[in-house]
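Printed here is coords_17.tsv (TSV, N, CA and C atoms):
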```
chain	number	residue	atom	x	y	z
L	161	MET	N	-223.19	180.66	-85.75
L	161	MET	CA	-221.94	181.33	-85.57
L	161	MET	C	-222.17	182.83	-85.83
L	162	LYS	N	-221.85	183.60	-84.85
L	162	LYS	CA	-222.06	185.04	-84.96
L	162	LYS	C	-220.74	185.70	-85.31
L	163	LEU	N	-220.88	186.64	-86.24
L	163	LEU	CA	-219.71	187.38	-86.67
L	163	LEU	C	-219.80	188.80	-86.09
L	164	ASN	N	-219.32	188.93	-84.88
L	164	ASN	CA	-219.43	190.22	-84.21
L	164	ASN	C	-218.23	191.12	-84.46
L	165	SER	N	-217.10	190.51	-84.62
L	165	SER	CA	-215.92	191.34	-84.76
L	165	SER	C	-215.58	191.54	-86.23
L	166	ILE	N	-214.89	192.60	-86.51
L	166	ILE	CA	-214.43	192.91	-87.87
L	166	ILE	C	-213.45	191.84	-88.33
L	167	LYS	N	-212.62	191.41	-87.40
L	167	LYS	CA	-211.62	190.39	-87.73
L	167	LYS	C	-212.30	189.11	-88.23
L	168	SER	N	-213.37	188.70	-87.57
L	168	SER	CA	-214.10	187.49	-87.96
L	168	SER	C	-214.76	187.67	-89.32
L	169	LYS	N	-215.35	188.84	-89.53
L	169	LYS	CA	-216.01	189.11	-90.82
L	169	LYS	C	-214.99	189.11	-91.96
L	170	ILE	N	-213.86	189.75	-91.75
L	170	ILE	CA	-212.82	189.78	-92.79
L	170	ILE	C	-212.29	188.38	-93.05
L	171	THR	N	-212.12	187.60	-92.01
L	171	THR	CA	-211.61	186.23	-92.16
L	171	THR	C	-212.60	185.38	-92.96
L	172	VAL	N	-213.86	185.47	-92.64
L	172	VAL	CA	-214.88	184.68	-93.37
L	172	VAL	C	-214.95	185.12	-94.82
L	173	TRP	N	-215.03	186.42	-95.06
L	173	TRP	CA	-215.13	186.91	-96.45
L	173	TRP	C	-213.84	186.61	-97.23
L	174	ALA	N	-212.72	186.72	-96.60
L	174	ALA	CA	-211.46	186.40	-97.26
L	174	ALA	C	-211.41	184.90	-97.58
L	175	GLY	N	-211.87	184.10	-96.65
L	175	GLY	CA	-211.92	182.64	-96.87
L	175	GLY	C	-212.85	182.28	-98.03
L	176	LEU	N	-214.03	182.91	-98.04
L	176	LEU	CA	-214.98	182.66	-99.13
L	176	LEU	C	-214.39	183.11	-100.47
L	177	CYS	N	-213.75	184.28	-100.49
L	177	CYS	CA	-213.12	184.76	-101.73
L	177	CYS	C	-212.03	183.80	-102.18
L	178	MET	N	-211.22	183.34	-101.26
L	178	MET	CA	-210.16	182.37	-101.59
L	178	MET	C	-210.77	181.08	-102.15
L	179	PHE	N	-211.85	180.62	-101.49
L	179	PHE	CA	-212.51	179.38	-101.94
L	179	PHE	C	-213.01	179.54	-103.38
L	180	PHE	N	-213.70	180.65	-103.66
L	180	PHE	CA	-214.24	180.86	-105.01
L	180	PHE	C	-213.13	181.08	-106.04
L	181	MET	N	-212.07	181.75	-105.64
L	181	MET	CA	-210.94	181.92	-106.55
L	181	MET	C	-210.31	180.57	-106.89
L	182	MET	N	-210.12	179.75	-105.89
L	182	MET	CA	-209.56	178.41	-106.12
L	182	MET	C	-210.51	177.57	-106.99
L	183	LEU	N	-211.79	177.70	-106.75
L	183	LEU	CA	-212.78	176.99	-107.55
L	183	LEU	C	-212.71	177.44	-109.01
L	184	ILE	N	-212.63	178.73	-109.25
L	184	ILE	CA	-212.55	179.27	-110.61
L	184	ILE	C	-211.25	178.83	-111.28
L	185	ILE	N	-210.14	178.91	-110.57
L	185	ILE	CA	-208.85	178.48	-111.12
L	185	ILE	C	-208.88	176.99	-111.45
L	186	THR	N	-209.47	176.20	-110.57
L	186	THR	CA	-209.57	174.76	-110.81
L	186	THR	C	-210.43	174.47	-112.04
L	187	LEU	N	-211.56	175.14	-112.17
L	187	LEU	CA	-212.44	174.93	-113.33
L	187	LEU	C	-211.74	175.33	-114.63
L	188	ILE	N	-211.04	176.45	-114.62
L	188	ILE	CA	-210.32	176.90	-115.82
L	188	ILE	C	-209.24	175.88	-116.19
L	189	THR	N	-208.53	175.38	-115.18
L	189	THR	CA	-207.49	174.38	-115.42
L	189	THR	C	-208.09	173.10	-116.00
L	190	ILE	N	-209.19	172.65	-115.43
L	190	ILE	CA	-209.84	171.42	-115.92
L	190	ILE	C	-210.30	171.60	-117.37
L	191	ILE	N	-210.92	172.72	-117.67
L	191	ILE	CA	-211.41	172.97	-119.03
L	191	ILE	C	-210.24	173.04	-120.00
L	192	THR	N	-209.17	173.72	-119.62
L	192	THR	CA	-207.99	173.82	-120.49
L	192	THR	C	-207.35	172.46	-120.72
L	193	LEU	N	-207.20	171.68	-119.65
L	193	LEU	CA	-206.62	170.34	-119.79
L	193	LEU	C	-207.49	169.44	-120.65
L	194	ARG	N	-208.80	169.55	-120.50
L	194	ARG	CA	-209.72	168.73	-121.30
L	194	ARG	C	-209.57	169.07	-122.79
L	195	GLU	N	-209.56	170.37	-123.10
L	195	GLU	CA	-209.41	170.78	-124.50
L	195	GLU	C	-208.08	170.34	-125.06
L	196	SER	N	-207.04	170.43	-124.25
L	196	SER	CA	-205.72	170.00	-124.68
L	196	SER	C	-205.69	168.49	-124.93
L	197	ALA	N	-206.33	167.73	-124.05
L	197	ALA	CA	-206.37	166.27	-124.21
L	197	ALA	C	-207.16	165.89	-125.46
L	198	ILE	N	-208.25	166.57	-125.72
L	198	ILE	CA	-209.04	166.30	-126.92
L	198	ILE	C	-208.22	166.61	-128.17
L	199	GLU	N	-207.53	167.73	-128.17
L	199	GLU	CA	-206.72	168.13	-129.33
L	199	GLU	C	-205.59	167.13	-129.56
L	200	THR	N	-204.94	166.70	-128.49
L	200	THR	CA	-203.87	165.71	-128.59
L	200	THR	C	-204.42	164.38	-129.12
L	201	ALA	N	-205.57	163.97	-128.63
L	201	ALA	CA	-206.18	162.73	-129.09
L	201	ALA	C	-206.52	162.80	-130.58
L	202	LYS	N	-207.03	163.94	-131.03
L	202	LYS	CA	-207.34	164.11	-132.45
L	202	LYS	C	-206.08	164.02	-133.30
L	203	LYS	N	-205.02	164.68	-132.86
L	203	LYS	CA	-203.76	164.63	-133.59
L	203	LYS	C	-203.20	163.21	-133.65
L	204	ASP	N	-203.26	162.52	-132.51
L	204	ASP	CA	-202.78	161.13	-132.47
L	204	ASP	C	-203.62	160.24	-133.39
L	205	ALA	N	-204.92	160.45	-133.40
L	205	ALA	CA	-205.80	159.65	-134.27
L	205	ALA	C	-205.46	159.89	-135.73
L	206	VAL	N	-205.19	161.12	-136.10
L	206	VAL	CA	-204.83	161.43	-137.49
L	206	VAL	C	-203.51	160.77	-137.85
L	207	ILE	N	-202.55	160.82	-136.95
L	207	ILE	CA	-201.25	160.20	-137.21
L	207	ILE	C	-201.40	158.69	-137.37
L	208	ILE	N	-202.15	158.06	-136.49
L	208	ILE	CA	-202.36	156.60	-136.58
L	208	ILE	C	-203.09	156.25	-137.87
L	209	ALA	N	-204.12	157.01	-138.22
L	209	ALA	CA	-204.86	156.75	-139.45
L	209	ALA	C	-203.96	156.89	-140.67
L	210	TYR	N	-203.11	157.91	-140.67
L	210	TYR	CA	-202.19	158.12	-141.79
L	210	TYR	C	-201.21	156.95	-141.90
L	211	GLU	N	-200.66	156.51	-140.77
L	211	GLU	CA	-199.73	155.39	-140.79
L	211	GLU	C	-200.40	154.12	-141.30
L	212	GLN	N	-201.62	153.88	-140.85
L	212	GLN	CA	-202.36	152.69	-141.30
L	212	GLN	C	-202.65	152.79	-142.80
L	213	ALA	N	-203.05	153.96	-143.25
L	213	ALA	CA	-203.34	154.16	-144.67
L	213	ALA	C	-202.09	153.94	-145.51
L	214	GLU	N	-200.95	154.41	-145.04
L	214	GLU	CA	-199.70	154.22	-145.77
L	214	GLU	C	-199.35	152.73	-145.85
L	215	GLY	N	-199.59	152.00	-144.78
L	215	GLY	CA	-199.33	150.55	-144.79
L	215	GLY	C	-200.22	149.83	-145.79
L	216	ILE	N	-201.49	150.19	-145.80
L	216	ILE	CA	-202.43	149.58	-146.75
L	216	ILE	C	-202.05	149.97	-148.18
L	217	LYS	N	-201.69	151.22	-148.38
L	217	LYS	CA	-201.29	151.68	-149.71
L	217	LYS	C	-200.07	150.90	-150.20
L	218	ALA	N	-199.10	150.68	-149.32
L	218	ALA	CA	-197.90	149.94	-149.71
L	218	ALA	C	-198.25	148.51	-150.12
L	219	GLU	N	-199.14	147.87	-149.37
L	219	GLU	CA	-199.55	146.50	-149.72
L	219	GLU	C	-200.29	146.47	-151.06
L	220	LEU	N	-201.17	147.44	-151.27
L	220	LEU	CA	-201.91	147.49	-152.54
L	220	LEU	C	-200.98	147.78	-153.71
L	221	GLU	N	-199.97	148.61	-153.49
L	221	GLU	CA	-199.02	148.89	-154.56
L	221	GLU	C	-198.21	147.65	-154.92
L	222	LYS	N	-197.85	146.83	-153.91
L	222	LYS	CA	-197.14	145.58	-154.19
L	222	LYS	C	-198.01	144.65	-155.05
L	223	ILE	N	-199.28	144.56	-154.67
L	223	ILE	CA	-200.20	143.70	-155.41
L	223	ILE	C	-200.38	144.22	-156.83
L	224	LEU	N	-200.57	145.51	-156.96
L	224	LEU	CA	-200.74	146.11	-158.28
L	224	LEU	C	-199.51	145.89	-159.15
L	225	TYR	N	-198.33	146.07	-158.57
L	225	TYR	CA	-197.09	145.87	-159.31
L	225	TYR	C	-196.98	144.41	-159.79
L	226	ALA	N	-197.30	143.47	-158.92
L	226	ALA	CA	-197.24	142.05	-159.30
L	226	ALA	C	-198.25	141.76	-160.41
L	227	ALA	N	-199.45	142.33	-160.31
L	227	ALA	CA	-200.47	142.10	-161.34
L	227	ALA	C	-200.04	142.73	-162.67
L	228	GLN	N	-199.45	143.91	-162.61
L	228	GLN	CA	-198.96	144.55	-163.84
L	228	GLN	C	-197.83	143.74	-164.47
L	229	THR	N	-196.96	143.21	-163.65
L	229	THR	CA	-195.87	142.38	-164.16
L	229	THR	C	-196.42	141.13	-164.83
L	230	LEU	N	-197.41	140.51	-164.22
L	230	LEU	CA	-198.04	139.34	-164.84
L	230	LEU	C	-198.69	139.72	-166.17
L	231	ALA	N	-199.37	140.84	-166.19
L	231	ALA	CA	-200.03	141.28	-167.42
L	231	ALA	C	-199.01	141.53	-168.53
L	232	LEU	N	-197.91	142.18	-168.19
L	232	LEU	CA	-196.87	142.42	-169.19
L	232	LEU	C	-196.25	141.12	-169.69
L	233	THR	N	-196.04	140.19	-168.77
L	233	THR	CA	-195.49	138.89	-169.16
L	233	THR	C	-196.43	138.17	-170.10
L	234	MET	N	-197.70	138.16	-169.78
L	234	MET	CA	-198.68	137.47	-170.63
L	234	MET	C	-198.78	138.15	-172.00
L	235	SER	N	-198.73	139.48	-172.02
L	235	SER	CA	-198.83	140.17	-173.31
L	235	SER	C	-197.57	139.94	-174.15
L	236	ALA	N	-196.44	139.72	-173.49
L	236	ALA	CA	-195.19	139.47	-174.22
L	236	ALA	C	-195.20	138.12	-174.92
L	237	ILE	N	-196.00	137.19	-174.43
L	237	ILE	CA	-196.06	135.85	-175.04
L	237	ILE	C	-196.49	135.94	-176.50
L	238	LYS	N	-197.42	136.81	-176.80
L	238	LYS	CA	-197.93	136.92	-178.18
L	238	LYS	C	-197.38	138.12	-178.93
L	239	ASP	N	-196.43	138.82	-178.34
L	239	ASP	CA	-195.81	139.97	-179.01
L	239	ASP	C	-194.84	139.46	-180.07
L	240	LYS	N	-195.06	139.86	-181.30
L	240	LYS	CA	-194.23	139.38	-182.40
L	240	LYS	C	-192.79	139.90	-182.33
L	241	ASN	N	-192.58	140.99	-181.59
L	241	ASN	CA	-191.25	141.55	-181.43
L	241	ASN	C	-190.45	140.89	-180.31
L	242	VAL	N	-191.10	140.02	-179.57
L	242	VAL	CA	-190.44	139.34	-178.44
L	242	VAL	C	-190.40	137.85	-178.76
L	243	ASN	N	-189.25	137.28	-178.61
L	243	ASN	CA	-189.09	135.85	-178.88
L	243	ASN	C	-189.28	135.08	-177.57
L	244	LEU	N	-190.52	134.96	-177.16
L	244	LEU	CA	-190.85	134.29	-175.90
L	244	LEU	C	-191.79	133.13	-176.23
L	245	ASP	N	-191.31	131.93	-176.02
L	245	ASP	CA	-192.09	130.74	-176.37
L	245	ASP	C	-192.48	130.00	-175.09
L	246	ILE	N	-193.68	130.29	-174.63
L	246	ILE	CA	-194.19	129.64	-173.41
L	246	ILE	C	-195.50	128.97	-173.76
L	247	ASP	N	-195.60	127.68	-173.41
L	247	ASP	CA	-196.84	126.95	-173.70
L	247	ASP	C	-197.82	127.12	-172.54
L	248	ARG	N	-198.96	126.46	-172.68
L	248	ARG	CA	-200.01	126.57	-171.67
L	248	ARG	C	-199.52	126.14	-170.29
L	249	GLU	N	-198.80	125.05	-170.24
L	249	GLU	CA	-198.31	124.55	-168.95
L	249	GLU	C	-197.34	125.56	-168.32
L	250	GLY	N	-196.53	126.20	-169.14
L	250	GLY	CA	-195.63	127.23	-168.64
L	250	GLY	C	-196.38	128.41	-168.06
L	251	VAL	N	-197.45	128.82	-168.74
L	251	VAL	CA	-198.27	129.92	-168.24
L	251	VAL	C	-198.92	129.53	-166.92
L	252	ILE	N	-199.44	128.30	-166.85
L	252	ILE	CA	-200.06	127.84	-165.60
L	252	ILE	C	-199.02	127.82	-164.48
L	253	ASP	N	-197.79	127.41	-164.78
L	253	ASP	CA	-196.72	127.42	-163.77
L	253	ASP	C	-196.41	128.84	-163.32
L	254	ILE	N	-196.36	129.78	-164.26
L	254	ILE	CA	-196.11	131.18	-163.90
L	254	ILE	C	-197.22	131.68	-162.97
L	255	LEU	N	-198.46	131.39	-163.30
L	255	LEU	CA	-199.58	131.83	-162.47
L	255	LEU	C	-199.54	131.15	-161.10
L	256	ARG	N	-199.20	129.89	-161.06
L	256	ARG	CA	-199.11	129.15	-159.79
L	256	ARG	C	-198.03	129.78	-158.89
L	257	ILE	N	-196.87	130.11	-159.48
L	257	ILE	CA	-195.79	130.74	-158.70
L	257	ILE	C	-196.23	132.12	-158.21
L	258	ALA	N	-196.87	132.88	-159.09
L	258	ALA	CA	-197.34	134.22	-158.69
L	258	ALA	C	-198.31	134.12	-157.52
L	259	LEU	N	-199.19	133.14	-157.54
L	259	LEU	CA	-200.15	132.95	-156.46
L	259	LEU	C	-199.44	132.54	-155.17
L	260	ALA	N	-198.46	131.65	-155.29
L	260	ALA	CA	-197.74	131.19	-154.11
L	260	ALA	C	-196.88	132.28	-153.48
L	261	LYS	N	-196.30	133.13	-154.29
L	261	LYS	CA	-195.37	134.16	-153.80
L	261	LYS	C	-196.07	135.42	-153.31
L	262	ASN	N	-197.32	135.61	-153.67
L	262	ASN	CA	-198.06	136.81	-153.26
L	262	ASN	C	-199.18	136.39	-152.31
L	263	ARG	N	-198.88	136.44	-151.02
L	263	ARG	CA	-199.81	135.94	-150.01
L	263	ARG	C	-201.15	136.67	-149.99
L	264	LEU	N	-201.21	137.87	-150.57
L	264	LEU	CA	-202.46	138.62	-150.58
L	264	LEU	C	-203.32	138.33	-151.80
L	265	PHE	N	-202.78	137.57	-152.75
L	265	PHE	CA	-203.58	137.18	-153.91
L	265	PHE	C	-204.58	136.12	-153.49
L	266	VAL	N	-205.79	136.27	-153.94
L	266	VAL	CA	-206.81	135.25	-153.70
L	266	VAL	C	-206.79	134.26	-154.86
L	267	SER	N	-206.60	134.78	-156.06
L	267	SER	CA	-206.50	133.93	-157.24
L	267	SER	C	-205.79	134.72	-158.34
L	268	VAL	N	-205.32	133.98	-159.33
L	268	VAL	CA	-204.75	134.60	-160.52
L	268	VAL	C	-205.25	133.82	-161.73
L	269	TYR	N	-205.37	134.51	-162.83
L	269	TYR	CA	-205.81	133.85	-164.05
L	269	TYR	C	-205.44	134.70	-165.25
L	270	THR	N	-205.55	134.11	-166.39
L	270	THR	CA	-205.34	134.84	-167.63
L	270	THR	C	-206.48	134.50	-168.57
L	271	CYS	N	-206.92	135.47	-169.34
L	271	CYS	CA	-208.01	135.26	-170.29
L	271	CYS	C	-207.51	135.56	-171.70
L	272	TRP	N	-207.92	134.73	-172.62
L	272	TRP	CA	-207.55	134.90	-174.02
L	272	TRP	C	-208.80	134.77	-174.87
L	273	GLU	N	-208.80	135.41	-176.00
L	273	GLU	CA	-209.87	135.19	-176.97
L	273	GLU	C	-209.82	133.72	-177.39
L	274	PRO	N	-210.95	133.17	-177.82
L	274	PRO	CA	-210.95	131.77	-178.25
L	274	PRO	C	-209.86	131.50	-179.29
L	275	ASP	N	-209.07	130.47	-179.02
L	275	ASP	CA	-207.97	130.00	-179.88
L	275	ASP	C	-206.89	131.04	-180.13
L	276	ALA	N	-206.85	132.12	-179.38
L	276	ALA	CA	-205.85	133.17	-179.59
L	276	ALA	C	-204.49	132.80	-178.98
L	277	PHE	N	-204.48	131.93	-177.99
L	277	PHE	CA	-203.20	131.62	-177.36
L	277	PHE	C	-202.36	130.70	-178.22
L	278	ASP	N	-202.90	129.52	-178.50
L	278	ASP	CA	-202.13	128.57	-179.32
L	278	ASP	C	-202.98	127.82	-180.34
L	279	GLY	N	-204.24	128.19	-180.44
L	279	GLY	CA	-205.12	127.54	-181.42
L	279	GLY	C	-205.52	126.13	-181.04
L	280	MET	N	-205.30	125.74	-179.79
L	280	MET	CA	-205.58	124.36	-179.38
L	280	MET	C	-206.64	124.28	-178.28
L	281	ASP	N	-207.55	125.25	-178.22
L	281	ASP	CA	-208.57	125.26	-177.18
L	281	ASP	C	-209.42	124.00	-177.19
L	282	ILE	N	-209.73	123.50	-178.33
L	282	ILE	CA	-210.62	122.33	-178.45
L	282	ILE	C	-210.05	121.11	-177.72
L	283	GLY	N	-208.73	121.01	-177.66
L	283	GLY	CA	-208.10	119.87	-176.97
L	283	GLY	C	-208.10	119.99	-175.46
L	284	TYR	N	-208.52	121.13	-174.94
L	284	TYR	CA	-208.49	121.34	-173.49
L	284	TYR	C	-209.89	121.49	-172.89
L	285	ILE	N	-210.90	121.10	-173.61
L	285	ILE	CA	-212.27	121.18	-173.11
L	285	ILE	C	-212.39	120.28	-171.87
L	286	GLY	N	-212.85	120.85	-170.78
L	286	GLY	CA	-213.07	120.09	-169.55
L	286	GLY	C	-211.80	119.83	-168.75
L	287	GLU	N	-210.66	120.27	-169.20
L	287	GLU	CA	-209.41	120.04	-168.47
L	287	GLU	C	-209.30	121.03	-167.30
L	288	PRO	N	-208.67	120.60	-166.22
L	288	PRO	CA	-208.48	121.52	-165.09
L	288	PRO	C	-207.68	122.76	-165.52
L	289	GLY	N	-208.11	123.92	-165.05
L	289	GLY	CA	-207.42	125.16	-165.38
L	289	GLY	C	-207.84	125.76	-166.69
L	290	HIS	N	-208.81	125.17	-167.35
L	290	HIS	CA	-209.28	125.69	-168.64
L	290	HIS	C	-210.80	125.80	-168.59
L	291	ASP	N	-211.33	126.81	-169.25
L	291	ASP	CA	-212.78	126.97	-169.23
L	291	ASP	C	-213.37	126.98	-170.63
L	292	TYR	N	-212.63	126.52	-171.59
L	292	TYR	CA	-213.14	126.55	-172.96
L	292	TYR	C	-214.39	125.71	-173.08
L	293	GLN	N	-215.39	126.27	-173.75
L	293	GLN	CA	-216.64	125.55	-173.99
L	293	GLN	C	-216.94	125.64	-175.47
L	294	SER	N	-217.34	124.55	-176.04
L	294	SER	CA	-217.64	124.56	-177.49
L	294	SER	C	-219.02	125.09	-177.76
```

For the file at hand, write its structure as structure tokens.
Amino acid sequence: MKLNSIKSKITVWAGLCMFFMMLIITLITIITLRESAIETAKKDAVIIAYEQAEGIKAELEKILYAAQTLALTMSAIKDKNVNLDIDREGVIDILRIALAKNRLFVSVYTCWEPDAFDGMDIGYIGEPGHDYQS
């Protein structure tokens, strides 16, 4: 293709300039959109992570509160200022209910120094729910 006339040369050069301008504008737009998408994805990931962490924190706080309540209840059994008379079977029932009502508990238990609960550890050797060993 021969470009003999000025009109043809101007048309070709104008076309090439338009093509390169459109190419540059397209590349700038793509780069800007990509950076914007990455930034949005990062923000969304942070929001989702925060929401998940808050959910886990809430579950752990429920478990901690239940465990603290059990600990306070068990400590009240031997508190001389509290008139709370619960025998071994009552404590086992309390622990059984706590386990049943807290779906995230794997197990519950209470530990006492030897004969500190009721002085009758020797009578419960080998019994289910007791670990006393002579």

Review point. Running DSSP on the backbone, which parts of chain L land in helix (DSSP H, G or I), as a PyMOL selection string?
Key: chain L and resi 166-237+248-261+281-284

Practice item. Mind giving me the straight-line distance from atom N of L:Leu232 to atom N of L:Ala258 in Å, one decimal? Key: 13.1 Å

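Compared by their closest atoms to L:Thr270, and using all atoms listed in the file, the residues L:Leu255, L:Ile188, L:Ile216, L:Leu183 rank with L:Leu255 nearest.
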
What are the centre and the three edge lengths of an axis-aligned box that wraps all atoms of stretch 280-286 of chain L in the file, given that 8 Å is added to every side, written as lines of an AutoDock Vina configuration file and rounded to one decimal in Å?
```
center_x = -209.2
center_y = 122.8
center_z = -174.3
size_x = 23.8
size_y = 21.9
size_z = 27.0
```

Review point. If we count only C-alpha atoms, what is near stretch 272-285 of chain L at a cut-off of 12 Å, once residues fewer than 6 positions away on the same chain are taken out, given as an NGL selection string?
Key: :L and (231 or 234-239 or 245-249 or 251 or 291-294)

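Reported to one decimal place, the separation of atom C of L:Lys203 from atom C of L:Thr189 is 20.8 Å.
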
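Between atom CA of L:Ala226 and atom C of L:Glu214 there is a distance of 17.3 Å.
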